[in-house]
$ cat input.cif   # mmCIF, N, CA and C atoms
data_my_file
loop_
_atom_site.group_PDB
_atom_site.id
_atom_site.type_symbol
_atom_site.label_atom_id
_atom_site.label_comp_id
_atom_site.auth_asym_id
_atom_site.auth_seq_id
_atom_site.Cartn_x
_atom_site.Cartn_y
_atom_site.Cartn_z
ATOM 1 N N LEU A 1 165.821 159.043 99.069
ATOM 2 C CA LEU A 1 167.189 158.714 99.454
ATOM 3 C C LEU A 1 167.995 159.985 99.690
ATOM 4 N N THR A 2 167.796 160.989 98.878
ATOM 5 C CA THR A 2 168.547 162.222 99.030
ATOM 6 C C THR A 2 168.292 162.856 100.395
ATOM 7 N N ALA A 3 167.033 162.873 100.847
ATOM 8 C CA ALA A 3 166.717 163.465 102.150
ATOM 9 C C ALA A 3 167.409 162.708 103.270
ATOM 10 N N SER A 4 167.480 161.391 103.165
ATOM 11 C CA SER A 4 168.160 160.586 104.179
ATOM 12 C C SER A 4 169.644 160.939 104.255
ATOM 13 N N PHE A 5 170.282 161.060 103.113
ATOM 14 C CA PHE A 5 171.703 161.419 103.099
ATOM 15 C C PHE A 5 171.918 162.839 103.605
ATOM 16 N N GLN A 6 171.000 163.757 103.296
ATOM 17 C CA GLN A 6 171.105 165.134 103.790
ATOM 18 C C GLN A 6 170.975 165.162 105.310
ATOM 19 N N TYR A 7 170.044 164.375 105.826
ATOM 20 C CA TYR A 7 169.849 164.270 107.275
ATOM 21 C C TYR A 7 171.123 163.766 107.947
ATOM 22 N N LEU A 8 171.722 162.707 107.403
ATOM 23 C CA LEU A 8 172.953 162.170 107.973
ATOM 24 C C LEU A 8 174.096 163.167 107.870
ATOM 25 N N ALA A 9 174.186 163.888 106.768
ATOM 26 C CA ALA A 9 175.233 164.900 106.605
ATOM 27 C C ALA A 9 175.070 166.022 107.635
ATOM 28 N N LEU A 10 173.840 166.422 107.893
ATOM 29 C CA LEU A 10 173.585 167.458 108.900
ATOM 30 C C LEU A 10 173.986 166.981 110.287
ATOM 31 N N MET A 11 173.616 165.754 110.644
ATOM 32 C CA MET A 11 174.009 165.212 111.949
ATOM 33 C C MET A 11 175.529 165.159 112.080
ATOM 34 N N ARG A 12 176.197 164.711 111.032
ATOM 35 C CA ARG A 12 177.659 164.610 111.075
ATOM 36 C C ARG A 12 178.289 165.996 111.233
ATOM 37 N N ALA A 13 177.772 166.974 110.523
ATOM 38 C CA ALA A 13 178.301 168.340 110.614
ATOM 39 C C ALA A 13 178.131 168.892 112.028
ATOM 40 N N LEU A 14 176.992 168.636 112.648
ATOM 41 C CA LEU A 14 176.765 169.091 114.021
ATOM 42 C C LEU A 14 177.763 168.452 114.984
ATOM 43 N N MET A 15 177.965 167.142 114.847
ATOM 44 C CA MET A 15 178.914 166.456 115.732
ATOM 45 C C MET A 15 180.342 166.927 115.487
ATOM 46 N N GLN A 16 180.692 167.136 114.232
ATOM 47 C CA GLN A 16 182.036 167.610 113.909
ATOM 48 C C GLN A 16 182.264 169.027 114.422
ATOM 49 N N ALA A 17 181.177 169.778 114.630
ATOM 50 C CA ALA A 17 181.260 171.134 115.192
ATOM 51 C C ALA A 17 181.268 171.107 116.720
ATOM 52 N N GLY A 18 181.279 169.899 117.308
ATOM 53 C CA GLY A 18 181.376 169.783 118.756
ATOM 54 C C GLY A 18 180.050 169.641 119.477
ATOM 55 N N LYS A 19 178.967 169.524 118.757
ATOM 56 C CA LYS A 19 177.653 169.356 119.384
ATOM 57 C C LYS A 19 177.469 167.908 119.825
ATOM 58 N N THR A 20 176.750 167.728 120.914
ATOM 59 C CA THR A 20 176.419 166.394 121.402
ATOM 60 C C THR A 20 175.021 166.050 120.927
ATOM 61 N N LEU A 21 174.875 164.888 120.336
ATOM 62 C CA LEU A 21 173.574 164.430 119.866
ATOM 63 C C LEU A 21 173.224 163.107 120.525
ATOM 64 N N VAL A 22 171.946 162.918 120.784
ATOM 65 C CA VAL A 22 171.428 161.634 121.227
ATOM 66 C C VAL A 22 170.555 161.140 120.087
ATOM 67 N N LEU A 23 170.916 160.015 119.535
ATOM 68 C CA LEU A 23 170.208 159.443 118.394
ATOM 69 C C LEU A 23 169.513 158.168 118.840
ATOM 70 N N VAL A 24 168.226 158.087 118.584
ATOM 71 C CA VAL A 24 167.467 156.872 118.871
ATOM 72 C C VAL A 24 166.997 156.323 117.532
ATOM 73 N N THR A 25 167.370 155.074 117.238
ATOM 74 C CA THR A 25 167.022 154.498 115.942
ATOM 75 C C THR A 25 166.913 152.983 116.045
ATOM 76 N N HIS A 26 166.176 152.411 115.133
ATOM 77 C CA HIS A 26 166.118 150.959 114.972
ATOM 78 C C HIS A 26 167.022 150.509 113.833
ATOM 79 N N HIS A 27 167.710 151.444 113.208
ATOM 80 C CA HIS A 27 168.453 151.173 111.981
ATOM 81 C C HIS A 27 169.949 151.441 112.170
ATOM 82 N N SER A 28 170.741 150.386 112.199
ATOM 83 C CA SER A 28 172.179 150.548 112.422
ATOM 84 C C SER A 28 172.834 151.402 111.338
ATOM 85 N N HIS A 29 172.286 151.406 110.140
ATOM 86 C CA HIS A 29 172.896 152.176 109.054
ATOM 87 C C HIS A 29 172.709 153.685 109.234
ATOM 88 N N GLU A 30 171.907 154.108 110.205
ATOM 89 C CA GLU A 30 171.717 155.530 110.476
ATOM 90 C C GLU A 30 172.695 156.061 111.524
ATOM 91 N N ILE A 31 173.566 155.210 112.044
ATOM 92 C CA ILE A 31 174.491 155.633 113.094
ATOM 93 C C ILE A 31 175.767 156.150 112.433
ATOM 94 N N PRO A 32 176.000 157.471 112.480
ATOM 95 C CA PRO A 32 177.178 158.043 111.818
ATOM 96 C C PRO A 32 178.488 157.572 112.463
ATOM 97 N N PRO A 33 179.566 157.609 111.699
ATOM 98 C CA PRO A 33 180.875 157.212 112.230
ATOM 99 C C PRO A 33 181.281 158.002 113.468
ATOM 100 N N GLU A 34 180.814 159.229 113.610
ATOM 101 C CA GLU A 34 181.200 160.077 114.739
ATOM 102 C C GLU A 34 180.589 159.620 116.065
ATOM 103 N N ILE A 35 179.551 158.800 116.016
ATOM 104 C CA ILE A 35 178.952 158.283 117.251
ATOM 105 C C ILE A 35 179.948 157.319 117.886
ATOM 106 N N GLY A 36 180.273 157.550 119.143
ATOM 107 C CA GLY A 36 181.262 156.719 119.810
ATOM 108 C C GLY A 36 180.668 155.700 120.766
ATOM 109 N N ARG A 37 179.523 156.035 121.347
ATOM 110 C CA ARG A 37 178.906 155.150 122.349
ATOM 111 C C ARG A 37 177.539 154.702 121.850
ATOM 112 N N VAL A 38 177.263 153.432 122.063
ATOM 113 C CA VAL A 38 175.989 152.854 121.621
ATOM 114 C C VAL A 38 175.379 152.063 122.766
ATOM 115 N N MET A 39 174.080 152.164 122.903
ATOM 116 C CA MET A 39 173.328 151.332 123.849
ATOM 117 C C MET A 39 172.320 150.526 123.045
ATOM 118 N N LEU A 40 172.173 149.263 123.379
ATOM 119 C CA LEU A 40 171.134 148.429 122.796
ATOM 120 C C LEU A 40 170.079 148.206 123.863
ATOM 121 N N LEU A 41 168.819 148.425 123.497
ATOM 122 C CA LEU A 41 167.707 148.290 124.421
ATOM 123 C C LEU A 41 166.782 147.170 123.970
ATOM 124 N N ALA A 42 166.236 146.434 124.925
ATOM 125 C CA ALA A 42 165.220 145.418 124.660
ATOM 126 C C ALA A 42 164.190 145.496 125.781
ATOM 127 N N SER A 43 162.951 145.681 125.429
ATOM 128 C CA SER A 43 161.863 145.784 126.411
ATOM 129 C C SER A 43 162.160 146.845 127.463
ATOM 130 N N GLY A 44 162.741 147.958 127.030
ATOM 131 C CA GLY A 44 163.018 149.065 127.932
ATOM 132 C C GLY A 44 164.237 148.889 128.815
ATOM 133 N N ARG A 45 164.993 147.837 128.609
ATOM 134 C CA ARG A 45 166.188 147.577 129.425
ATOM 135 C C ARG A 45 167.446 147.622 128.559
ATOM 136 N N ILE A 46 168.521 148.100 129.158
ATOM 137 C CA ILE A 46 169.809 148.146 128.458
ATOM 138 C C ILE A 46 170.390 146.738 128.433
ATOM 139 N N VAL A 47 170.661 146.225 127.233
ATOM 140 C CA VAL A 47 171.258 144.890 127.112
ATOM 141 C C VAL A 47 172.730 144.961 126.714
ATOM 142 N N ALA A 48 173.168 146.102 126.216
ATOM 143 C CA ALA A 48 174.583 146.325 125.912
ATOM 144 C C ALA A 48 174.825 147.828 125.879
ATOM 145 N N ASP A 49 175.996 148.247 126.352
ATOM 146 C CA ASP A 49 176.330 149.668 126.425
ATOM 147 C C ASP A 49 177.844 149.804 126.379
ATOM 148 N N GLY A 50 178.331 150.651 125.487
ATOM 149 C CA GLY A 50 179.763 150.880 125.435
ATOM 150 C C GLY A 50 180.205 151.420 124.099
ATOM 151 N N PRO A 51 181.499 151.317 123.822
ATOM 152 C CA PRO A 51 182.032 151.796 122.553
ATOM 153 C C PRO A 51 181.351 151.101 121.368
ATOM 154 N N LYS A 52 181.092 151.864 120.326
ATOM 155 C CA LYS A 52 180.347 151.354 119.178
ATOM 156 C C LYS A 52 180.936 150.069 118.623
ATOM 157 N N ASP A 53 182.249 150.002 118.487
ATOM 158 C CA ASP A 53 182.854 148.811 117.875
ATOM 159 C C ASP A 53 182.754 147.575 118.769
ATOM 160 N N GLU A 54 182.489 147.763 120.069
ATOM 161 C CA GLU A 54 182.318 146.633 120.976
ATOM 162 C C GLU A 54 180.856 146.218 121.113
ATOM 163 N N VAL A 55 179.942 147.151 120.917
ATOM 164 C CA VAL A 55 178.518 146.878 121.097
ATOM 165 C C VAL A 55 177.860 146.449 119.786
ATOM 166 N N LEU A 56 178.205 147.104 118.691
ATOM 167 C CA LEU A 56 177.607 146.740 117.402
ATOM 168 C C LEU A 56 178.361 145.553 116.820
ATOM 169 N N THR A 57 178.016 144.386 117.318
ATOM 170 C CA THR A 57 178.605 143.136 116.837
ATOM 171 C C THR A 57 177.476 142.226 116.384
ATOM 172 N N ALA A 58 177.797 141.289 115.519
ATOM 173 C CA ALA A 58 176.786 140.331 115.067
ATOM 174 C C ALA A 58 176.197 139.589 116.266
ATOM 175 N N ARG A 59 177.031 139.205 117.207
ATOM 176 C CA ARG A 59 176.556 138.456 118.379
ATOM 177 C C ARG A 59 175.529 139.259 119.168
ATOM 178 N N HIS A 60 175.839 140.523 119.463
ATOM 179 C CA HIS A 60 174.890 141.360 120.205
ATOM 180 C C HIS A 60 173.600 141.568 119.418
ATOM 181 N N LEU A 61 173.724 141.847 118.133
ATOM 182 C CA LEU A 61 172.530 142.114 117.332
ATOM 183 C C LEU A 61 171.688 140.860 117.132
ATOM 184 N N GLU A 62 172.330 139.709 117.016
ATOM 185 C CA GLU A 62 171.574 138.457 116.917
ATOM 186 C C GLU A 62 170.760 138.221 118.181
ATOM 187 N N GLY A 63 171.351 138.490 119.332
ATOM 188 C CA GLY A 63 170.612 138.357 120.581
ATOM 189 C C GLY A 63 169.459 139.339 120.666
ATOM 190 N N LEU A 64 169.680 140.543 120.199
ATOM 191 C CA LEU A 64 168.648 141.572 120.232
ATOM 192 C C LEU A 64 167.513 141.263 119.264
ATOM 193 N N PHE A 65 167.859 140.869 118.034
ATOM 194 C CA PHE A 65 166.854 140.624 117.002
ATOM 195 C C PHE A 65 166.276 139.214 117.047
ATOM 196 N N GLY A 66 166.956 138.294 117.728
ATOM 197 C CA GLY A 66 166.480 136.927 117.804
ATOM 198 C C GLY A 66 166.611 136.168 116.498
ATOM 199 N N THR A 67 167.575 136.564 115.683
ATOM 200 C CA THR A 67 167.806 135.902 114.399
ATOM 201 C C THR A 67 169.254 136.110 113.980
ATOM 202 N N ALA A 68 169.727 135.279 113.071
ATOM 203 C CA ALA A 68 171.101 135.404 112.577
ATOM 204 C C ALA A 68 171.237 136.670 111.728
ATOM 205 N N VAL A 69 172.343 137.371 111.914
ATOM 206 C CA VAL A 69 172.630 138.558 111.108
ATOM 207 C C VAL A 69 174.081 138.512 110.632
ATOM 208 N N THR A 70 174.306 139.198 109.555
ATOM 209 C CA THR A 70 175.658 139.497 109.104
ATOM 210 C C THR A 70 175.831 140.993 109.292
ATOM 211 N N LEU A 71 176.929 141.391 109.896
ATOM 212 C CA LEU A 71 177.179 142.803 110.128
ATOM 213 C C LEU A 71 178.222 143.282 109.126
ATOM 214 N N LEU A 72 177.830 144.252 108.316
ATOM 215 C CA LEU A 72 178.728 144.844 107.329
ATOM 216 C C LEU A 72 179.263 146.153 107.891
ATOM 217 N N GLN A 73 180.536 146.464 107.608
ATOM 218 C CA GLN A 73 181.152 147.700 108.076
ATOM 219 C C GLN A 73 181.940 148.339 106.949
ATOM 220 N N ALA A 74 181.820 149.658 106.847
ATOM 221 C CA ALA A 74 182.598 150.412 105.866
ATOM 222 C C ALA A 74 182.767 151.841 106.356
ATOM 223 N N ASP A 75 184.002 152.269 106.512
ATOM 224 C CA ASP A 75 184.326 153.657 106.869
ATOM 225 C C ASP A 75 183.576 154.154 108.102
ATOM 226 N N GLY A 76 183.411 153.292 109.102
ATOM 227 C CA GLY A 76 182.742 153.702 110.328
ATOM 228 C C GLY A 76 181.240 153.527 110.318
ATOM 229 N N TRP A 77 180.682 153.082 109.213
ATOM 230 C CA TRP A 77 179.249 152.814 109.097
ATOM 231 C C TRP A 77 179.010 151.322 109.319
ATOM 232 N N TYR A 78 177.856 150.986 109.877
ATOM 233 C CA TYR A 78 177.487 149.599 110.160
ATOM 234 C C TYR A 78 176.130 149.314 109.514
ATOM 235 N N GLN A 79 175.967 148.103 109.008
ATOM 236 C CA GLN A 79 174.683 147.675 108.449
ATOM 237 C C GLN A 79 174.465 146.220 108.815
ATOM 238 N N ALA A 80 173.352 145.945 109.470
ATOM 239 C CA ALA A 80 172.985 144.558 109.800
ATOM 240 C C ALA A 80 172.062 144.048 108.719
ATOM 241 N N VAL A 81 172.396 142.884 108.171
ATOM 242 C CA VAL A 81 171.553 142.262 107.150
ATOM 243 C C VAL A 81 171.212 140.848 107.602
ATOM 244 N N PRO A 82 170.077 140.311 107.129
ATOM 245 C CA PRO A 82 169.678 138.963 107.552
ATOM 246 C C PRO A 82 170.710 137.912 107.156
ATOM 247 N N GLY A 83 170.803 136.885 107.997
ATOM 248 C CA GLY A 83 171.685 135.753 107.713
ATOM 249 C C GLY A 83 172.969 135.835 108.492
ATOM 250 N N GLY A 84 173.526 134.708 108.773
ATOM 251 C CA GLY A 84 174.784 134.655 109.508
ATOM 252 C C GLY A 84 175.885 134.085 108.651
ATOM 253 N N THR A 85 177.111 134.262 109.115
ATOM 254 C CA THR A 85 178.255 133.726 108.367
ATOM 255 C C THR A 85 178.793 132.495 109.050
#

$ encode --input "input.cif" --output "C-alpha coordinates"
Amino acid sequence: LTASFQYLALMRALMQAGKTLVLVTHHSHEIPPEIGRVMLLASGRIVADGPKDEVLTARHLEGLFGTAVTLLQADGWYQAVPGGT
(Lines of atoms letter the chains of each structure in order from A and count residues from 1; the text may use other names and numbers.)
(Lines give C-alpha, C1' and ligand atoms only; values in the text may rest on other atoms or scores of the structure.)
Protein backbone atom coordinates (compact mmCIF):
# COMPACT_ATOMS: atom_id res chain seq x y z
CA LEU A 1 0.00 0.00 0.00
CA THR A 2 2.81 2.41 0.80
CA ALA A 3 4.32 2.03 -2.70
CA SER A 4 0.94 2.77 -4.27
CA PHE A 5 0.54 5.96 -2.26
CA GLN A 6 4.14 6.98 -3.07
CA TYR A 7 3.46 6.43 -6.77
CA LEU A 8 0.33 8.60 -6.60
CA ALA A 9 2.18 11.30 -4.65
CA LEU A 10 4.92 11.36 -7.29
CA MET A 11 2.39 11.69 -10.12
CA ARG A 12 0.61 14.50 -8.29
CA ALA A 13 3.89 16.34 -7.65
CA LEU A 14 4.81 16.12 -11.34
CA MET A 15 1.43 17.50 -12.42
CA GLN A 16 1.56 20.25 -9.81
CA ALA A 17 4.98 21.19 -11.23
CA GLY A 18 3.35 21.70 -14.64
CA LYS A 19 4.22 18.38 -16.26
CA THR A 20 1.72 16.69 -18.55
CA LEU A 21 1.06 13.03 -17.86
CA VAL A 22 -0.90 10.43 -19.77
CA LEU A 23 -2.22 7.80 -17.39
CA VAL A 24 -3.68 4.52 -18.62
CA THR A 25 -5.44 2.50 -15.93
CA HIS A 26 -8.31 0.13 -15.27
CA HIS A 27 -8.66 1.53 -11.75
CA SER A 28 -10.62 4.74 -11.16
CA HIS A 29 -9.04 5.12 -7.72
CA GLU A 30 -5.64 5.68 -9.39
CA ILE A 31 -6.79 8.86 -11.15
CA PRO A 32 -5.39 11.83 -9.17
CA PRO A 33 -7.52 14.93 -8.57
CA GLU A 34 -5.22 16.92 -10.88
CA ILE A 35 -6.32 14.89 -13.92
CA GLY A 36 -8.85 17.02 -15.76
CA ARG A 37 -9.71 14.99 -18.85
CA VAL A 38 -10.72 11.34 -18.96
CA MET A 39 -11.40 8.97 -21.84
CA LEU A 40 -13.21 5.67 -21.44
CA LEU A 41 -12.27 2.97 -23.94
CA ALA A 42 -14.06 -0.25 -24.86
CA SER A 43 -12.69 -2.67 -27.46
CA GLY A 44 -10.20 -0.03 -28.59
CA ARG A 45 -12.86 2.63 -29.17
CA ILE A 46 -13.54 5.83 -27.25
CA VAL A 47 -16.95 5.57 -25.58
CA ALA A 48 -16.70 8.76 -23.51
CA ASP A 49 -14.27 11.69 -23.51
CA GLY A 50 -14.27 14.96 -21.61
CA PRO A 51 -13.96 16.59 -18.21
CA LYS A 52 -13.44 14.06 -15.43
CA ASP A 53 -16.58 15.02 -13.51
CA GLU A 54 -18.70 14.53 -16.65
CA VAL A 55 -17.13 11.25 -17.80
CA LEU A 56 -16.58 9.45 -14.49
CA THR A 57 -20.23 8.86 -13.70
CA ALA A 58 -22.01 5.74 -12.51
CA ARG A 59 -23.99 5.69 -15.77
CA HIS A 60 -20.87 5.74 -17.96
CA LEU A 61 -19.05 3.18 -15.84
CA GLU A 62 -22.06 0.86 -15.72
CA GLY A 63 -22.16 0.90 -19.51
CA LEU A 64 -18.44 0.25 -19.69
CA PHE A 65 -18.37 -2.53 -17.08
CA GLY A 66 -21.74 -4.03 -17.97
CA THR A 67 -22.84 -4.09 -14.34
CA ALA A 68 -24.31 -1.80 -11.69
CA VAL A 69 -21.79 0.36 -9.84
CA THR A 70 -21.81 2.90 -7.08
CA LEU A 71 -19.38 5.75 -7.63
CA LEU A 72 -17.77 7.17 -4.51
CA GLN A 73 -16.06 10.59 -4.55
CA ALA A 74 -13.84 12.32 -2.01
CA ASP A 75 -11.55 15.32 -2.49
CA GLY A 76 -11.27 14.81 -6.25
CA TRP A 77 -10.73 11.04 -6.02
CA TYR A 78 -13.18 8.55 -7.54
CA GLN A 79 -13.80 4.90 -6.67
CA ALA A 80 -16.22 2.57 -8.45
CA VAL A 81 -17.58 -0.24 -6.31
CA PRO A 82 -20.01 -3.03 -7.22
CA GLY A 83 -23.73 -2.39 -6.85
CA GLY A 84 -26.03 0.43 -7.74
CA THR A 85 -28.03 2.89 -5.70

$ atom_distance --input "input.cif" --atom1 "atom N of Ile31 of chain A" --atom2 "atom C of Gly76 of chain A"
8.0 Å

$ select_by_dssp --input "input.cif" --residues "chain A" --states "alpha helix (DSSP H)" --output "list of chain:residue names"
A:Thr2, A:Ala3, A:Ser4, A:Phe5, A:Gln6, A:Tyr7, A:Leu8, A:Ala9, A:Leu10, A:Met11, A:Arg12, A:Ala13, A:Leu14, A:Met15, A:Gln16, A:Lys52, A:Asp53, A:Glu54, A:Val55, A:Ala58, A:Arg59, A:His60, A:Leu61, A:Glu62, A:Gly63, A:Leu64, A:Phe65

$ axis_aligned_box --input "input.cif" --around "segment 20-28 of chain A" --padding-each-side "5 Å" --output "JSON"
{"center_x": 171.4, "center_y": 159.1, "center_z": 116.4, "size_x": 20.6, "size_y": 27.3, "size_z": 20.1}

$ closest_residue --input "input.cif" --among "A:Val22, A:His29, A:Tyr7, A:Ala13" --to "Asp75 of chain A" --atoms "only C-alpha atoms"
A:His29

$ resolve_selection --input "input.cif" --expression "the PyMOL selection byres ((chain A and resi 50) around 5)" --output "ChimeraX atom specification"
/A:37-38,48-49,51-52

$ atom_distance --input "input.cif" --atom1 "atom CA of Met15 of chain A" --atom2 "atom N of Ile35 of chain A"
7.7 Å

$ resolve_selection --input "input.cif" --expression "the PyMOL selection byres (((chain A and resi 79-84 and name CA) around 9) and name CA)" --output "ChimeraX atom specification"
/A:27-30,58,61-62,67-74,77-78,85

$ atom_distance --input "input.cif" --atom1 "atom N of Leu21 of chain A" --atom2 "atom N of Gly36 of chain A"
9.2 Å

$ select_by_dssp --input "input.cif" --residues "chain A" --states "strand (DSSP E)" --output "VMD selection string"
chain A and resid 37 to 42 45 to 51 69 to 74 77 to 82

$ closest_residue --input "input.cif" --among "A:Leu8, A:Arg45, A:Asp53, A:Gly18" --to "Pro32 of chain A" --atoms "all atoms listed in the file"
A:Leu8

$ closest_residue --input "input.cif" --among "A:Val55, A:Ala3, A:Leu14, A:Ala42" --to "His26 of chain A" --atoms "only C-alpha atoms"
A:Ala42

$ build_atoms --input "input.cif" --residues "segment 44-68 of chain A" --atoms "N, CA, C and O atoms" --output "JSON list (two decimals), keeping the file's coordinate frame"
[["chain", "number", "residue", "atom", "x", "y", "z"],
["A", 44, "GLY", "N", 162.74, 147.96, 127.03],
["A", 44, "GLY", "CA", 163.02, 149.06, 127.93],
["A", 44, "GLY", "C", 164.24, 148.89, 128.82],
["A", 44, "GLY", "O", 164.50, 149.72, 129.68],
["A", 45, "ARG", "N", 164.99, 147.84, 128.61],
["A", 45, "ARG", "CA", 166.19, 147.58, 129.43],
["A", 45, "ARG", "C", 167.45, 147.62, 128.56],
["A", 45, "ARG", "O", 167.43, 147.19, 127.41],
["A", 46, "ILE", "N", 168.52, 148.10, 129.16],
["A", 46, "ILE", "CA", 169.81, 148.15, 128.46],
["A", 46, "ILE", "C", 170.39, 146.74, 128.43],
["A", 46, "ILE", "O", 170.58, 146.13, 129.48],
["A", 47, "VAL", "N", 170.66, 146.22, 127.23],
["A", 47, "VAL", "CA", 171.26, 144.89, 127.11],
["A", 47, "VAL", "C", 172.73, 144.96, 126.71],
["A", 47, "VAL", "O", 173.46, 143.98, 126.85],
["A", 48, "ALA", "N", 173.17, 146.10, 126.22],
["A", 48, "ALA", "CA", 174.58, 146.32, 125.91],
["A", 48, "ALA", "C", 174.82, 147.83, 125.88],
["A", 48, "ALA", "O", 173.97, 148.59, 125.43],
["A", 49, "ASP", "N", 176.00, 148.25, 126.35],
["A", 49, "ASP", "CA", 176.33, 149.67, 126.42],
["A", 49, "ASP", "C", 177.84, 149.80, 126.38],
["A", 49, "ASP", "O", 178.55, 149.12, 127.12],
["A", 50, "GLY", "N", 178.33, 150.65, 125.49],
["A", 50, "GLY", "CA", 179.76, 150.88, 125.44],
["A", 50, "GLY", "C", 180.20, 151.42, 124.10],
["A", 50, "GLY", "O", 179.40, 151.93, 123.31],
["A", 51, "PRO", "N", 181.50, 151.32, 123.82],
["A", 51, "PRO", "CA", 182.03, 151.80, 122.55],
["A", 51, "PRO", "C", 181.35, 151.10, 121.37],
["A", 51, "PRO", "O", 181.06, 149.90, 121.43],
["A", 52, "LYS", "N", 181.09, 151.86, 120.33],
["A", 52, "LYS", "CA", 180.35, 151.35, 119.18],
["A", 52, "LYS", "C", 180.94, 150.07, 118.62],
["A", 52, "LYS", "O", 180.19, 149.12, 118.35],
["A", 53, "ASP", "N", 182.25, 150.00, 118.49],
["A", 53, "ASP", "CA", 182.85, 148.81, 117.88],
["A", 53, "ASP", "C", 182.75, 147.57, 118.77],
["A", 53, "ASP", "O", 182.87, 146.46, 118.29],
["A", 54, "GLU", "N", 182.49, 147.76, 120.07],
["A", 54, "GLU", "CA", 182.32, 146.63, 120.98],
["A", 54, "GLU", "C", 180.86, 146.22, 121.11],
["A", 54, "GLU", "O", 180.56, 145.07, 121.40],
["A", 55, "VAL", "N", 179.94, 147.15, 120.92],
["A", 55, "VAL", "CA", 178.52, 146.88, 121.10],
["A", 55, "VAL", "C", 177.86, 146.45, 119.79],
["A", 55, "VAL", "O", 177.04, 145.54, 119.78],
["A", 56, "LEU", "N", 178.20, 147.10, 118.69],
["A", 56, "LEU", "CA", 177.61, 146.74, 117.40],
["A", 56, "LEU", "C", 178.36, 145.55, 116.82],
["A", 56, "LEU", "O", 179.24, 145.69, 115.97],
["A", 57, "THR", "N", 178.02, 144.39, 117.32],
["A", 57, "THR", "CA", 178.60, 143.14, 116.84],
["A", 57, "THR", "C", 177.48, 142.23, 116.38],
["A", 57, "THR", "O", 176.33, 142.37, 116.83],
["A", 58, "ALA", "N", 177.80, 141.29, 115.52],
["A", 58, "ALA", "CA", 176.79, 140.33, 115.07],
["A", 58, "ALA", "C", 176.20, 139.59, 116.27],
["A", 58, "ALA", "O", 174.98, 139.39, 116.34],
["A", 59, "ARG", "N", 177.03, 139.21, 117.21],
["A", 59, "ARG", "CA", 176.56, 138.46, 118.38],
["A", 59, "ARG", "C", 175.53, 139.26, 119.17],
["A", 59, "ARG", "O", 174.46, 138.76, 119.51],
["A", 60, "HIS", "N", 175.84, 140.52, 119.46],
["A", 60, "HIS", "CA", 174.89, 141.36, 120.20],
["A", 60, "HIS", "C", 173.60, 141.57, 119.42],
["A", 60, "HIS", "O", 172.50, 141.50, 119.98],
["A", 61, "LEU", "N", 173.72, 141.85, 118.13],
["A", 61, "LEU", "CA", 172.53, 142.11, 117.33],
["A", 61, "LEU", "C", 171.69, 140.86, 117.13],
["A", 61, "LEU", "O", 170.46, 140.94, 117.10],
["A", 62, "GLU", "N", 172.33, 139.71, 117.02],
["A", 62, "GLU", "CA", 171.57, 138.46, 116.92],
["A", 62, "GLU", "C", 170.76, 138.22, 118.18],
["A", 62, "GLU", "O", 169.59, 137.81, 118.11],
["A", 63, "GLY", "N", 171.35, 138.49, 119.33],
["A", 63, "GLY", "CA", 170.61, 138.36, 120.58],
["A", 63, "GLY", "C", 169.46, 139.34, 120.67],
["A", 63, "GLY", "O", 168.37, 139.00, 121.14],
["A", 64, "LEU", "N", 169.68, 140.54, 120.20],
["A", 64, "LEU", "CA", 168.65, 141.57, 120.23],
["A", 64, "LEU", "C", 167.51, 141.26, 119.26],
["A", 64, "LEU", "O", 166.34, 141.35, 119.62],
["A", 65, "PHE", "N", 167.86, 140.87, 118.03],
["A", 65, "PHE", "CA", 166.85, 140.62, 117.00],
["A", 65, "PHE", "C", 166.28, 139.21, 117.05],
["A", 65, "PHE", "O", 165.25, 138.94, 116.43],
["A", 66, "GLY", "N", 166.96, 138.29, 117.73],
["A", 66, "GLY", "CA", 166.48, 136.93, 117.80],
["A", 66, "GLY", "C", 166.61, 136.17, 116.50],
["A", 66, "GLY", "O", 165.87, 135.23, 116.24],
["A", 67, "THR", "N", 167.58, 136.56, 115.68],
["A", 67, "THR", "CA", 167.81, 135.90, 114.40],
["A", 67, "THR", "C", 169.25, 136.11, 113.98],
["A", 67, "THR", "O", 169.93, 137.01, 114.48],
["A", 68, "ALA", "N", 169.73, 135.28, 113.07],
["A", 68, "ALA", "CA", 171.10, 135.40, 112.58],
["A", 68, "ALA", "C", 171.24, 136.67, 111.73],
["A", 68, "ALA", "O", 170.34, 137.01, 110.96]]
